[in-house]
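Working notes for the structure below.
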Amino acid sequence: MRQAVMVSPGRIEFRDVPVPVPGADEVLLEIKRIGICGSDIHVWHGRHPFTTYPVVQGHEFSAVIAAVGEGVTEVKPGMRATARPQLSCGSCRACMRGDYHICRDLRVQGFQASGCAQEYFAVPESRLVVFPEGLSFEQGALIEPAAVGAHSTRRMDSLSGKNVVVAGAGTIGNLVAQFAKSRGAEKVLITDISEFRLKTAGDCGLRHTANISNESFEDAVHRTFGETGFQAGFEAAGVQSAMDDLVCRIEKGGEIVVLGVFDRNPRINMGYVGEHELKLIGSLMYKHEDYREAVDFIANGSIATDPLVTRHFPFEEYEEAYEYIERQEDKSLKVMIDL
Ligand SMILES: [Zn+2]
Ligand SMILES: [Zn+2]
């Protein structure tokens, strides 16, 4: 079978390798779609701090079950599925209390372990997540980023009745905002500096958007929420100014979930955090239940993913897909590799 290997930053080679043989409790997947995300692009540029080369990328994907090991009972060939890409040790304190997604020795397939950029891929049934026939392979490949939205919006006590600001309208910010809405937020404002990303947010049913290169953050908040302001914030841009806006404009006692990836360590007005009794909450990836919730929310129509898919490339054009992403700058969201 064919396997795409990133041998060095910006260079992908195709190799012919044997089809994996699933172990007793493993499932063999025939890969259908692979989504490319911001972290993959960091690897492409050689700027991902915890990835070495050569690396087989691919951590957000959809597939069909091709075969199952003899110990697998819950699923069978022909079912549509994806899988959580996290490898955890199972014995550290985080793992022992069930927080395997923040395992001391966490490794993620596609970064510190081999990913799914190949025709067939074997995964243990414990990390497998099946999804219904009614979901397309594109929707299936967006379960992973949607699970990030599911998890980050669970990190807060409750979003019910709150006004929410999501800074950053990339794929993750978009999905976070949709989850916040689905979880009963009163109003959700999503901000960005890209008209394309904000228009896509609108296409996903997010009615309140603000381009903060044309309008001040303060004005956008006032226009959207009036005197009530906002009580919950999500930093999904990885930008200093977005972090400042959230910290300095949120209502006293507000909660901010930090999930953006910062190239430069942001400075935060900690005096302000103290005086306003703000809560800053971290959020990393997801847990298995977030995957399941992502499937449910996509399946029941609460979360729209189709507008997020900008373009498809065949497997052989993996490199071209990255070059396209580069050229498009802020005018592409999810680019998919089709197998
Ligand atoms: Zn990703
Ligand atoms: Zn662990």
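Residues in the structure tokens are numbered from 1 in each chain, the chains being A, B, ... in the order shown, and ligands are numbered from 1 in the order shown.
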When the cut-off is 6 Å and you count only C-alpha atoms and all ligand atoms, which residues lie near ligand 1, shown as a VMD selection string? chain A and resid 37 39 60
Would you list the residues that come within 6 Å of ligand 2? Count only C-alpha atoms and all ligand atoms and give the answer as JSON, numbers by chain. {"A": [88, 89, 90, 91, 92, 94, 95, 100, 103, 104, 105]}
Mind writing the picked residues with C-alpha atoms as a PDB file, in the first residue's frame?
ATOM      1  CA  SER A  88      -1.027   7.570  26.612  1.00  0.00           C
ATOM      2  CA  CYS A  89       0.983   5.607  29.174  1.00  0.00           C
ATOM      3  CA  GLY A  90      -1.910   4.372  31.297  1.00  0.00           C
ATOM      4  CA  SER A  91       0.069   4.621  34.528  1.00  0.00           C
ATOM      5  CA  CYS A  92       0.815   8.281  35.303  1.00  0.00           C
ATOM      6  CA  ALA A  94      -3.362  11.905  34.957  1.00  0.00           C
ATOM      7  CA  CYS A  95      -3.997   8.565  33.237  1.00  0.00           C
ATOM      8  CA  TYR A 100      -5.292  10.320  29.566  1.00  0.00           C
ATOM      9  CA  CYS A 103      -0.890  12.054  30.054  1.00  0.00           C
ATOM     10  CA  ARG A 104       2.637  12.873  31.227  1.00  0.00           C
ATOM     11  CA  ASP A 105       3.986  10.975  28.214  1.00  0.00           C
TER      12      ASP A 105
END
Mind listing the strand (DSSP E or B) residues of range 66-198 of chain A, per DSSP on the backbone, as a VMD selection string? chain A and resid 66 to 68 80 to 83 86 to 87 107 to 109 113 118 120 to 124 128 to 131 163 to 167 187 to 192
N, CA, C and O atoms of the current selection, written as a compact mmCIF listing (two decimals), in the first residue's frame:
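Result saved to again-v5.txt:
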# COMPACT_ATOMS: atom_id res chain seq x y z
N ALA A 66 -12.11 -2.24 7.43
CA ALA A 66 -11.81 -3.24 6.40
C ALA A 66 -11.75 -4.65 7.00
O ALA A 66 -12.10 -5.63 6.34
N ALA A 67 -11.27 -4.75 8.24
CA ALA A 67 -11.14 -6.06 8.89
C ALA A 67 -11.04 -5.84 10.39
O ALA A 67 -10.69 -4.74 10.83
N VAL A 68 -11.36 -6.86 11.16
CA VAL A 68 -11.26 -6.74 12.62
C VAL A 68 -10.52 -7.95 13.18
O VAL A 68 -10.61 -9.05 12.63
N ARG A 80 -18.47 2.83 9.09
CA ARG A 80 -17.66 4.04 8.97
C ARG A 80 -17.09 4.41 10.33
O ARG A 80 -17.79 4.29 11.34
N ALA A 81 -15.85 4.88 10.33
CA ALA A 81 -15.22 5.15 11.63
C ALA A 81 -14.08 6.14 11.51
O ALA A 81 -13.58 6.44 10.42
N THR A 82 -13.70 6.67 12.67
CA THR A 82 -12.47 7.44 12.82
C THR A 82 -11.85 6.95 14.12
O THR A 82 -12.37 6.01 14.73
N ALA A 83 -10.75 7.54 14.54
CA ALA A 83 -10.15 7.09 15.80
C ALA A 83 -9.42 8.24 16.46
O ALA A 83 -8.88 9.12 15.79
N GLN A 86 -4.60 9.68 20.22
CA GLN A 86 -3.75 9.87 21.41
C GLN A 86 -3.22 8.55 21.97
O GLN A 86 -3.99 7.63 22.23
N LEU A 87 -1.90 8.50 22.18
CA LEU A 87 -1.28 7.35 22.82
C LEU A 87 -0.83 7.80 24.22
O LEU A 87 -0.05 8.74 24.34
N ARG A 107 1.64 10.98 23.49
CA ARG A 107 2.14 11.04 22.12
C ARG A 107 0.93 11.06 21.20
O ARG A 107 -0.06 10.38 21.46
N VAL A 108 1.02 11.86 20.15
CA VAL A 108 -0.11 11.98 19.23
C VAL A 108 0.30 11.45 17.87
O VAL A 108 1.37 11.80 17.34
N GLN A 109 -0.55 10.59 17.31
CA GLN A 109 -0.25 10.03 15.99
C GLN A 109 -0.27 11.15 14.94
O GLN A 109 -1.17 11.98 14.93
N ALA A 113 4.13 10.07 16.91
CA ALA A 113 3.93 8.67 16.52
C ALA A 113 3.38 8.69 15.09
O ALA A 113 2.92 9.72 14.61
N GLN A 118 -1.81 6.92 4.90
CA GLN A 118 -1.53 5.69 4.16
C GLN A 118 -2.87 5.03 3.85
O GLN A 118 -3.89 5.41 4.40
N TYR A 120 -4.12 1.97 4.44
CA TYR A 120 -4.73 1.22 5.55
C TYR A 120 -4.01 1.55 6.85
O TYR A 120 -2.81 1.81 6.85
N PHE A 121 -4.76 1.50 7.94
CA PHE A 121 -4.22 1.93 9.24
C PHE A 121 -4.88 1.07 10.31
O PHE A 121 -6.11 0.92 10.31
N ALA A 122 -4.08 0.51 11.21
CA ALA A 122 -4.65 -0.33 12.28
C ALA A 122 -4.72 0.46 13.58
O ALA A 122 -3.77 1.14 13.95
N VAL A 123 -5.85 0.38 14.26
CA VAL A 123 -6.02 1.05 15.57
C VAL A 123 -6.71 0.10 16.54
O VAL A 123 -7.51 -0.74 16.12
N PRO A 124 -6.42 0.24 17.84
CA PRO A 124 -7.15 -0.58 18.81
C PRO A 124 -8.62 -0.16 18.88
O PRO A 124 -8.93 1.03 18.70
N LEU A 128 -11.25 3.59 18.75
CA LEU A 128 -12.09 3.72 17.55
C LEU A 128 -13.40 4.43 17.87
O LEU A 128 -13.97 4.25 18.95
N VAL A 129 -13.87 5.25 16.95
CA VAL A 129 -15.18 5.90 17.10
C VAL A 129 -15.94 5.69 15.78
O VAL A 129 -15.52 6.20 14.75
N VAL A 130 -17.01 4.92 15.83
CA VAL A 130 -17.78 4.71 14.60
C VAL A 130 -18.76 5.86 14.44
O VAL A 130 -19.12 6.53 15.40
N PHE A 131 -19.13 6.12 13.19
CA PHE A 131 -20.13 7.15 12.95
C PHE A 131 -21.14 6.63 11.93
O PHE A 131 -20.83 5.72 11.15
N ASN A 163 -23.51 35.04 27.63
CA ASN A 163 -23.00 35.61 26.39
C ASN A 163 -21.55 35.19 26.24
O ASN A 163 -20.78 35.22 27.21
N VAL A 164 -21.20 34.80 25.02
CA VAL A 164 -19.90 34.17 24.78
C VAL A 164 -19.17 34.90 23.65
O VAL A 164 -19.79 35.26 22.64
N VAL A 165 -17.87 35.10 23.83
CA VAL A 165 -17.04 35.58 22.72
C VAL A 165 -16.02 34.51 22.39
O VAL A 165 -15.33 33.99 23.29
N VAL A 166 -15.92 34.17 21.12
CA VAL A 166 -14.88 33.27 20.65
C VAL A 166 -13.94 34.10 19.78
O VAL A 166 -14.36 34.67 18.76
N ALA A 167 -12.70 34.21 20.20
CA ALA A 167 -11.70 34.96 19.42
C ALA A 167 -11.01 33.98 18.48
O ALA A 167 -10.39 33.02 18.93
N LYS A 187 -25.97 34.37 23.49
CA LYS A 187 -25.48 34.86 22.19
C LYS A 187 -24.00 34.52 22.09
O LYS A 187 -23.28 34.58 23.09
N VAL A 188 -23.58 34.21 20.88
CA VAL A 188 -22.17 33.89 20.66
C VAL A 188 -21.62 34.84 19.59
O VAL A 188 -22.11 34.87 18.47
N LEU A 189 -20.61 35.60 19.97
CA LEU A 189 -19.93 36.48 19.02
C LEU A 189 -18.60 35.85 18.65
O LEU A 189 -17.83 35.46 19.54
N ILE A 190 -18.34 35.75 17.35
CA ILE A 190 -17.05 35.21 16.91
C ILE A 190 -16.29 36.31 16.19
O ILE A 190 -16.86 37.04 15.38
N THR A 191 -15.01 36.46 16.52
CA THR A 191 -14.21 37.56 15.97
C THR A 191 -13.02 37.01 15.18
O THR A 191 -12.51 35.93 15.47
N ASP A 192 -12.61 37.80 14.20
CA ASP A 192 -11.43 37.43 13.42
C ASP A 192 -11.03 38.68 12.63
O ASP A 192 -11.68 39.73 12.73
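Residue nearest Gly170 in chain A within the list A:Gly254, A:Gly184, A:Pro9, A:Gly260: A:Gly260 [criterion: smallest interatomic distance, only C-alpha atoms].
If only C-alpha atoms are the atoms counted, then among A:Phe196, A:Phe225, A:Tyr324, A:Phe14 the closest residue to Glu119 in chain A is A:Phe14.
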Within 8 Å of range 180-183 of chain A, counting only C-alpha atoms, which residues qualify if same-chain residues fewer than 6 places away don't, as a VMD selection string? chain A and resid 153 159 to 160 164 302 to 303
All alpha helix (DSSP H) positions in range 87-209 of chain A, as an MDAnalysis selection string: chainID A and resid 93:96 137:141 143:154 171:182 195:203
So which one's closest to Gly301 in chain A, A:Cys204, A:Val335, A:Val7, A:Ile172? Using only C-alpha atoms, please. A:Cys204
